[in-house]
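> For reference, this is query_1.cif, and it has mmCIF, C-alpha atoms and all ligand atoms.
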```cif
data_run
loop_
_atom_site.label_atom_id
_atom_site.label_comp_id
_atom_site.auth_asym_id
_atom_site.auth_seq_id
_atom_site.Cartn_x
_atom_site.Cartn_y
_atom_site.Cartn_z
CA MET N 1 85.87 137.29 81.18
CA LEU N 2 87.62 134.82 83.36
CA THR N 3 91.11 133.77 82.36
CA ARG N 4 92.61 130.68 83.84
CA HIS N 5 96.32 130.06 84.11
CA ALA N 6 96.19 127.27 86.68
CA PRO N 7 95.98 123.64 85.51
CA ALA N 8 92.64 121.86 85.61
CA ALA N 9 91.61 121.45 89.19
CA VAL N 10 88.97 119.52 91.04
CA ASP N 11 87.42 119.78 94.49
CA LEU N 12 84.85 117.17 95.49
CA HIS N 13 84.28 118.28 99.09
CA ALA N 14 83.11 121.77 100.00
CA HIS N 15 80.52 123.39 102.27
CA THR N 16 78.19 126.37 102.02
CA ARG N 17 76.05 128.15 104.56
CA ALA N 18 73.39 125.50 103.91
CA SER N 19 75.39 123.65 106.59
CA ASP N 20 78.45 124.95 108.39
CA GLY N 21 80.39 126.66 105.61
CA GLY N 22 81.02 130.38 105.61
CA ASP N 23 80.09 131.10 101.98
CA THR N 24 76.73 131.27 100.26
CA PRO N 25 76.47 128.85 97.32
CA ASP N 26 77.13 131.81 94.97
CA GLU N 27 80.20 132.86 96.93
CA LEU N 28 81.49 129.28 96.97
CA VAL N 29 81.22 128.91 93.21
CA GLU N 30 82.78 132.35 92.70
CA ALA N 31 85.68 131.24 94.91
CA ALA N 32 85.94 128.07 92.80
CA ALA N 33 86.09 130.10 89.59
CA THR N 34 88.71 132.39 91.07
CA ALA N 35 90.75 129.36 92.18
CA GLY N 36 90.58 128.03 88.62
CA LEU N 37 88.53 124.96 89.48
CA GLU N 38 86.89 123.07 86.64
CA VAL N 39 84.79 120.77 88.80
CA LEU N 40 83.32 121.44 92.23
CA ALA N 41 81.09 119.17 94.30
CA VAL N 42 78.92 120.90 96.87
CA THR N 43 78.73 118.58 99.88
CA ASP N 44 76.92 120.17 102.79
CA HIS N 45 76.21 118.16 105.90
CA ASP N 46 72.93 116.24 105.58
CA THR N 47 71.34 118.60 103.07
CA VAL N 48 71.38 119.49 99.38
CA GLU N 49 69.75 122.87 99.99
CA GLY N 50 72.72 124.80 98.63
CA VAL N 51 73.11 122.77 95.45
CA ALA N 52 70.48 124.38 93.19
CA ALA N 53 71.91 127.86 93.65
CA ALA N 54 75.43 126.49 93.15
CA LEU N 55 74.40 124.81 89.88
CA GLU N 56 73.05 128.14 88.61
CA ALA N 57 76.19 129.97 89.62
CA GLY N 58 78.30 127.24 88.05
CA ALA N 59 76.49 127.57 84.73
CA ARG N 60 77.08 131.31 84.85
CA LEU N 61 80.75 131.14 85.85
CA GLY N 62 81.90 128.10 83.89
CA VAL N 63 82.43 125.76 86.83
CA GLU N 64 80.97 122.26 86.61
CA VAL N 65 79.05 121.77 89.85
CA LEU N 66 78.29 118.22 91.01
CA PRO N 67 75.42 117.65 93.48
CA GLY N 68 76.65 116.10 96.70
CA CYS N 69 75.90 115.67 100.36
CA GLU N 70 78.06 114.74 103.35
CA VAL N 71 75.79 112.37 105.21
CA THR N 72 76.34 111.76 108.91
CA ALA N 73 76.22 108.01 109.42
CA ASP N 74 77.00 105.31 111.90
CA VAL N 75 79.36 102.36 111.46
CA ASP N 76 79.98 99.86 114.20
CA GLY N 77 78.97 102.41 116.84
CA ARG N 78 81.15 105.15 115.41
CA VAL N 79 80.14 108.31 113.57
CA VAL N 80 81.43 108.49 110.02
CA HIS N 81 80.82 110.99 107.24
CA LEU N 82 79.71 109.56 103.92
CA LEU N 83 79.99 111.71 100.81
CA ALA N 84 77.09 110.99 98.47
CA TYR N 85 77.30 112.12 94.84
CA GLY N 86 74.74 112.05 92.04
CA ASP N 87 71.97 114.04 90.39
CA GLY N 88 69.42 111.72 92.00
CA LEU N 89 70.08 113.37 95.36
CA LEU N 90 68.12 116.37 94.06
CA ALA N 91 64.84 114.48 93.52
CA PRO N 92 62.13 115.92 95.79
CA GLY N 93 62.14 114.13 99.14
CA ALA N 94 65.10 111.94 98.14
CA LEU N 95 66.94 112.62 101.36
CA ARG N 96 63.95 112.66 103.72
CA ARG N 97 65.46 110.03 105.99
CA VAL N 98 68.61 112.10 106.24
CA THR N 99 66.59 115.24 106.93
CA ASP N 100 64.69 113.49 109.72
CA VAL N 101 67.96 112.62 111.40
CA ARG N 102 69.04 116.20 110.95
CA ARG N 103 65.95 117.28 112.88
CA GLY N 104 67.11 114.98 115.66
CA ARG N 105 70.37 116.90 115.61
CA ALA N 106 68.48 120.10 116.42
CA GLU N 107 67.21 118.43 119.60
CA ARG N 108 70.74 117.28 120.33
CA ASN N 109 72.00 120.86 119.98
CA HIS N 110 69.53 122.01 122.63
CA ALA N 111 70.79 119.24 124.92
CA ILE N 112 74.40 120.37 124.37
CA GLY N 113 73.30 123.95 125.02
CA HIS N 114 71.71 123.04 128.36
CA LYS N 115 74.82 121.19 129.53
CA LEU N 116 77.21 123.87 128.34
CA GLU N 117 75.18 126.72 129.80
CA ALA N 118 75.19 125.08 133.22
CA LEU N 119 78.96 124.59 132.98
CA THR N 120 80.07 127.88 131.43
CA GLY N 121 77.18 130.30 130.95
CA VAL N 122 77.60 129.90 127.21
CA GLY N 123 74.60 128.15 125.70
CA HIS N 124 72.50 127.42 122.67
CA ARG N 125 71.60 131.06 121.98
CA HIS N 126 75.26 132.08 121.74
CA ALA N 127 76.09 129.31 119.30
CA ALA N 128 72.91 129.97 117.31
CA ALA N 129 73.81 133.66 117.02
CA LEU N 130 77.16 132.66 115.54
CA ALA N 131 75.56 130.18 113.13
CA GLY N 132 73.23 132.88 111.82
CA GLY N 133 70.48 130.46 110.83
CA ALA N 134 72.76 127.78 109.36
CA ALA N 135 72.81 124.23 110.66
CA LEU N 136 74.29 124.32 114.12
CA SER N 137 77.18 122.02 114.98
CA ARG N 138 79.59 121.63 117.85
CA ALA N 139 81.94 123.86 115.87
CA HIS N 140 79.60 126.78 116.62
CA PHE N 141 79.50 125.95 120.33
CA ALA N 142 83.30 125.83 120.27
CA ARG N 143 83.53 129.20 118.57
CA ALA N 144 81.03 130.68 121.05
CA LEU N 145 83.22 129.44 123.92
CA VAL N 146 86.24 131.12 122.32
CA GLN N 147 84.35 134.32 121.54
CA ARG N 148 83.21 134.64 125.15
CA GLY N 149 86.64 133.90 126.57
CA VAL N 150 85.83 130.53 128.13
CA ALA N 151 88.36 128.71 125.95
CA ALA N 152 91.43 130.13 124.25
CA THR N 153 91.02 128.08 121.07
CA VAL N 154 88.46 125.92 119.32
CA ALA N 155 90.68 122.90 119.98
CA GLU N 156 90.67 123.68 123.69
CA ALA N 157 86.88 124.08 123.68
CA PHE N 158 86.58 120.59 122.20
CA ASP N 159 89.15 119.11 124.56
CA ARG N 160 87.49 120.55 127.66
CA TYR N 161 83.78 120.38 126.84
CA LEU N 162 82.65 119.13 123.46
CA SER N 163 84.60 116.05 122.40
CA ASN N 164 83.20 112.58 122.97
CA GLY N 165 83.66 111.81 126.67
CA ARG N 166 83.75 115.46 127.75
CA PRO N 167 80.99 116.96 129.94
CA ALA N 168 78.92 118.79 127.29
CA TYR N 169 79.09 115.95 124.75
CA VAL N 170 75.81 114.52 123.52
CA PRO N 171 75.86 111.85 120.80
CA ALA N 172 74.40 112.91 117.48
CA PRO N 173 71.60 110.85 115.98
CA SER N 174 72.72 109.20 112.76
CA LEU N 175 71.87 106.61 110.15
CA PRO N 176 73.55 103.23 109.81
CA ALA N 177 76.00 103.35 106.89
CA GLU N 178 74.27 100.36 105.24
CA GLN N 179 71.06 102.40 105.08
CA VAL N 180 72.84 105.39 103.59
CA VAL N 181 74.46 103.15 100.97
CA ALA N 182 71.10 101.57 100.08
CA LEU N 183 69.37 104.94 99.94
CA VAL N 184 72.00 106.62 97.76
CA ARG N 185 72.38 103.63 95.44
CA GLY N 186 68.60 103.61 95.04
CA LEU N 187 68.90 107.22 93.87
CA GLY N 188 71.56 106.27 91.32
CA GLY N 189 74.31 107.84 93.38
CA VAL N 190 77.64 106.71 94.79
CA VAL N 191 78.94 106.82 98.36
CA VAL N 192 82.47 107.63 99.48
CA LEU N 193 83.84 107.36 103.02
CA ALA N 194 85.02 110.88 103.90
CA HIS N 195 88.42 111.61 105.47
CA PRO N 196 89.20 108.14 106.91
CA GLY N 197 92.38 109.67 108.36
CA ARG N 198 90.30 111.70 110.78
CA LEU N 199 89.03 108.58 112.54
CA ALA N 200 90.63 107.82 115.90
CA ALA N 201 93.91 106.03 115.15
CA ALA N 202 93.25 103.05 117.40
CA GLU N 203 90.05 102.07 115.60
CA ARG N 204 90.62 103.56 112.15
CA GLU N 205 91.35 100.37 110.24
CA ARG N 206 88.46 98.53 111.88
CA VAL N 207 85.95 101.30 111.14
CA VAL N 208 87.16 101.61 107.54
CA ALA N 209 86.81 97.83 107.10
CA HIS N 210 83.22 98.05 108.38
CA ALA N 211 82.47 100.96 106.04
CA ILE N 212 83.82 98.96 103.10
CA ALA N 213 81.71 95.98 104.19
CA ALA N 214 78.70 98.33 104.36
CA GLY N 215 79.18 98.91 100.64
CA VAL N 216 80.85 102.27 100.11
CA ASP N 217 82.03 102.85 96.53
CA GLY N 218 85.13 104.75 97.45
CA LEU N 219 87.48 106.36 99.93
CA GLU N 220 88.37 110.02 100.18
CA VAL N 221 92.12 109.93 99.64
CA TRP N 222 93.01 113.62 99.20
CA HIS N 223 91.75 115.78 102.08
CA CYS N 224 93.02 118.82 103.99
CA GLN N 225 93.71 116.65 107.04
CA HIS N 226 95.54 113.87 105.15
CA ASP N 227 99.28 114.32 104.85
CA GLN N 228 101.28 112.73 102.03
CA GLN N 229 101.73 109.49 103.92
CA ALA N 230 98.00 109.26 104.70
CA GLN N 231 97.17 109.95 101.06
CA ARG N 232 99.47 107.13 99.93
CA HIS N 233 97.96 104.80 102.50
CA TRP N 234 94.32 105.47 101.57
CA LEU N 235 95.08 105.37 97.86
CA ALA N 236 96.66 101.94 98.30
CA THR N 237 93.70 100.80 100.43
CA ALA N 238 91.21 102.02 97.81
CA ARG N 239 93.12 100.25 95.02
CA ARG N 240 93.36 97.02 97.01
CA HIS N 241 89.57 96.94 97.42
CA GLY N 242 88.75 98.11 93.91
CA LEU N 243 87.24 101.31 95.28
CA LEU N 244 87.11 104.82 93.89
CA ALA N 245 89.73 107.22 95.21
CA THR N 246 88.29 110.74 95.53
CA GLY N 247 89.31 113.95 97.20
CA GLY N 248 88.50 117.48 98.16
CA SER N 249 89.56 120.28 100.44
CA ASP N 250 86.63 120.16 102.91
CA TYR N 251 86.49 123.91 102.46
CA HIS N 252 84.29 125.76 104.99
CA GLY N 253 85.15 129.33 103.97
CA ALA N 254 86.01 131.64 106.84
CA HIS N 255 84.75 129.01 109.29
CA LYS N 256 87.90 126.93 108.69
CA PRO N 257 90.74 129.37 108.11
CA GLY N 258 93.75 127.80 106.46
CA VAL N 259 91.77 125.40 104.29
CA ARG N 260 91.65 126.65 100.72
CA LEU N 261 89.24 125.59 98.06
CA GLY N 262 90.91 123.24 95.58
CA SER N 263 94.20 123.05 97.45
CA GLY N 264 93.43 122.26 101.08
CA ALA N 265 95.87 123.16 103.84
CA GLY N 266 99.10 124.55 102.42
CA GLY N 267 98.53 122.88 99.07
CA ASN N 268 98.24 119.32 100.41
CA VAL N 269 95.14 118.54 98.32
CA ARG N 270 95.69 118.01 94.63
CA VAL N 271 92.93 115.85 93.21
CA PRO N 272 93.79 114.27 89.83
CA LEU N 273 91.32 115.20 87.09
CA GLN N 274 91.04 111.47 86.35
CA VAL N 275 89.06 111.11 89.57
CA VAL N 276 86.12 112.93 88.00
CA ALA N 277 86.06 110.56 85.03
CA GLU N 278 86.11 107.55 87.37
CA LEU N 279 83.35 109.01 89.52
CA LYS N 280 81.22 109.73 86.46
CA ALA N 281 81.80 106.20 85.13
CA ARG N 282 80.54 104.75 88.43
CA LEU N 283 77.52 107.04 88.36
CA ALA N 284 76.72 106.10 84.76
CA ALA N 285 77.03 102.38 85.54
CA ARG N 286 74.71 102.77 88.52
CA VAL N 287 72.01 104.71 86.70
CA CYS N 288 71.96 102.12 83.90
CA SER N 289 72.01 99.02 86.10
P1 LIG H 1 78.91 117.99 115.17
O1 LIG H 1 78.52 117.55 113.81
O2 LIG H 1 77.89 118.90 115.79
O3 LIG H 1 79.27 116.84 116.06
O4 LIG H 1 80.22 118.87 115.03
C1 LIG H 1 81.18 118.57 114.09
C2 LIG H 1 82.00 119.80 113.83
O5 LIG H 1 82.94 119.97 114.85
C3 LIG H 1 82.78 119.68 112.52
O6 LIG H 1 82.83 120.96 111.89
C4 LIG H 1 84.15 119.26 113.00
O7 LIG H 1 85.15 119.68 112.11
C5 LIG H 1 84.26 119.97 114.32
N1 LIG H 1 85.13 119.27 115.24
C6 LIG H 1 84.95 118.04 115.76
N2 LIG H 1 85.95 117.72 116.61
C7 LIG H 1 86.81 118.77 116.60
C8 LIG H 1 88.05 119.08 117.29
N3 LIG H 1 88.60 118.22 118.15
N4 LIG H 1 88.63 120.26 117.02
C9 LIG H 1 88.07 121.15 116.18
N5 LIG H 1 86.92 120.93 115.52
C10 LIG H 1 86.29 119.76 115.72
MN MN H 2 81.61 120.77 108.67
MN MN H 3 83.36 115.52 107.54
MN MN H 4 83.03 118.18 105.18
#
```
As a first step, turn the structure in this file into structure tokens.
Ligand code: AMP
Ligand code: MN
Ligand code: MN
Ligand code: MN

Amino acid sequence: MLTRHAPAAVDLHAHTRASDGGDTPDELVEAAATAGLEVLAVTDHDTVEGVAAALEAGARLGVEVLPGCEVTADVDGRVVHLLAYGDGLLAPGALRRVTDVRRGRAERNHAIGHKLEALTGVGHRHAAALAGGAALSRAHFARALVQRGVAATVAEAFDRYLSNGRPAYVPAPSLPAEQVVALVRGLGGVVVLAHPGRLAAAERERVVAHAIAAGVDGLEVWHCQHDQQAQRHWLATARRHGLLATGGSDYHGAHKPGVRLGSGAGGNVRVPLQVVAELKARLAARVCS
């Protein structure tokens, strides 16, 4: 029997091995129960494959699991991540357009692998071995470069090879944000711009304005990479535009050490329980309209 001493807690942004997280869906929900979470959204990149197992585990462990997906999208020529929430995401074939783009990402990973192998001897196979069958991302290439001694840290691997403008960078195929918004709304879901604070500072406000114009329902205010000042800023921006304010840790298990489920980096993520009620109200309004 699980006893909880912590106050009600919410995490609306977490990954499993269905994308680039370190935990299976079962392990993720077990970690949520241990952390005392009441509500957990499972938001893998461009897939809902981990959600069904997480829902089962949630029913077993007393954690309310919300279906979600972190969709890779394009706004004004920039890549943004859009968090989609709603039961409609689970309808068979609902995310086919997203899945097709994901297939394009597999081709992109081979292109990165070719470039990187020529530059460093570390290629697709090394990153794939690290990913262990999960969706490959540049994070795996970065870890492979560290593992094989080419770079000292993941940050250095990005700075030298993998970031936009560096020699092994290949743009990822993605969907225009307007199309993601239309798709998710059509499924009765809502769309939230993930971690706006992670956008490049010089273009952040412009990209966020475009995302709002594209029709997102909300902004992710609480996130492991948003400090207090950023949280205040994005909360004020969300309020000014009448948008939902949501939040989550962006937990990736062992693949992002230092980011804890429910609490982010050093406790910087504390999502008010009220957020869940507001999210559910938006979902209910959408399904009925
Ligand atoms: P991809 O979707 O293949 O472009 O890779 C995105 C992954 O790389 C995500 O897990 C990001 O958190 C990670 N990533 C992107 N840029 C950096 C960076 N500069 N340092 C560390 N990780 C990064
Ligand atoms: Mn990720
Ligand atoms: Mn993201
Ligand atoms: Mn994420």
> As a list in words, please: every protein or nucleic acid residue near ligand MN 2 (chain H) (cut-off 9 Å, counting all atoms listed in the file).
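So the residues close to ligand MN 2 (chain H) are Ala14, His15, Ser19, Asp20, Gly21, Asp44, His45, Glu70, Ser137, Ala139, Asp250, Tyr251, His252, His255 and Lys256 of chain N.
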> Which neighbours of Ala238 of chain N fall inside 7 Å, counting all atoms listed in the file, when residues of the same chain fewer than 5 positions from it are skipped, and could you give them as a ChimeraX atom specification?
/N:218-219,243-245
> With all atoms listed in the file as the basis for distance, which of N:Val181, N:Gly215, N:Ala35, N:Ala9 is at the shortest distance from Arg260 of chain N?
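Distance minimum relative to Arg260 of chain N lands on N:Ala35.
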> Using all atoms listed in the file, which protein or nucleic acid residues come within 12 Å of Arg17 of chain N? Drop anything in the same chain fewer than 2 positions from it, and give the result as a ChimeraX atom specification.
/N:14-15,19-28,42-45,47-51,53-54,130-136,251-255
> Produce as a VMD selection string the set of residues near ligand MN 3 (chain H), where near means within 9 Å with all atoms listed in the file considered.
chain N and resid 13 45 70 to 72 80 to 83 194 to 195 198 250
> Taking all atoms listed in the file into account, name the residue in N:Asp74, N:Asp159, N:Glu38, N:Glu220 that is nearest to ligand LIG 1 (chain H).
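Counting all atoms listed in the file, the residue closest to ligand LIG 1 (chain H) is N:Asp159.
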> Just so I have it separately, write segment 53-71 of chain N from the block I sent, keeping N, CA and C atoms, as a short mmCIF file (atom, residue, chain, number, x, y, z; two decimals), in the first residue's frame.

```cif
data_model
loop_
_atom_site.label_atom_id
_atom_site.label_comp_id
_atom_site.auth_asym_id
_atom_site.auth_seq_id
_atom_site.Cartn_x
_atom_site.Cartn_y
_atom_site.Cartn_z
N ALA N 53 0.30 1.45 -22.07
CA ALA N 53 0.92 0.76 -20.93
C ALA N 53 0.94 1.65 -19.70
N ALA N 54 1.16 2.95 -19.91
CA ALA N 54 1.19 3.89 -18.78
C ALA N 54 -0.19 4.01 -18.14
N LEU N 55 -1.24 4.02 -18.97
CA LEU N 55 -2.61 4.09 -18.43
C LEU N 55 -2.89 2.88 -17.54
N GLU N 56 -2.47 1.70 -18.00
CA GLU N 56 -2.67 0.47 -17.20
C GLU N 56 -1.93 0.56 -15.88
N ALA N 57 -0.68 0.99 -15.97
CA ALA N 57 0.12 1.11 -14.74
C ALA N 57 -0.49 2.15 -13.82
N GLY N 58 -1.00 3.23 -14.39
CA GLY N 58 -1.60 4.28 -13.59
C GLY N 58 -2.82 3.79 -12.84
N ALA N 59 -3.64 2.99 -13.53
CA ALA N 59 -4.84 2.43 -12.88
C ALA N 59 -4.43 1.53 -11.71
N ARG N 60 -3.34 0.82 -11.91
CA ARG N 60 -2.86 -0.12 -10.88
C ARG N 60 -2.27 0.63 -9.69
N LEU N 61 -1.58 1.73 -9.96
CA LEU N 61 -0.78 2.39 -8.92
C LEU N 61 -1.43 3.66 -8.37
N GLY N 62 -2.61 4.00 -8.89
CA GLY N 62 -3.31 5.17 -8.36
C GLY N 62 -2.73 6.50 -8.84
N VAL N 63 -2.20 6.50 -10.05
CA VAL N 63 -1.73 7.76 -10.65
C VAL N 63 -2.62 8.03 -11.86
N GLU N 64 -3.19 9.24 -11.94
CA GLU N 64 -4.01 9.57 -13.10
C GLU N 64 -3.08 9.91 -14.27
N VAL N 65 -3.14 9.08 -15.31
CA VAL N 65 -2.28 9.28 -16.47
C VAL N 65 -3.07 9.96 -17.58
N LEU N 66 -2.53 11.05 -18.11
CA LEU N 66 -3.17 11.76 -19.22
C LEU N 66 -2.41 11.45 -20.51
N PRO N 67 -3.13 11.07 -21.59
CA PRO N 67 -2.45 10.83 -22.86
C PRO N 67 -1.91 12.14 -23.44
N GLY N 68 -0.67 12.10 -23.88
CA GLY N 68 -0.05 13.28 -24.47
C GLY N 68 0.98 12.89 -25.51
N CYS N 69 1.46 13.90 -26.20
CA CYS N 69 2.48 13.70 -27.22
C CYS N 69 3.21 15.02 -27.43
N GLU N 70 4.52 14.98 -27.48
CA GLU N 70 5.31 16.19 -27.77
C GLU N 70 5.64 16.18 -29.25
N VAL N 71 4.86 16.97 -29.99
CA VAL N 71 4.95 16.93 -31.45
C VAL N 71 6.02 17.93 -31.92
#
```
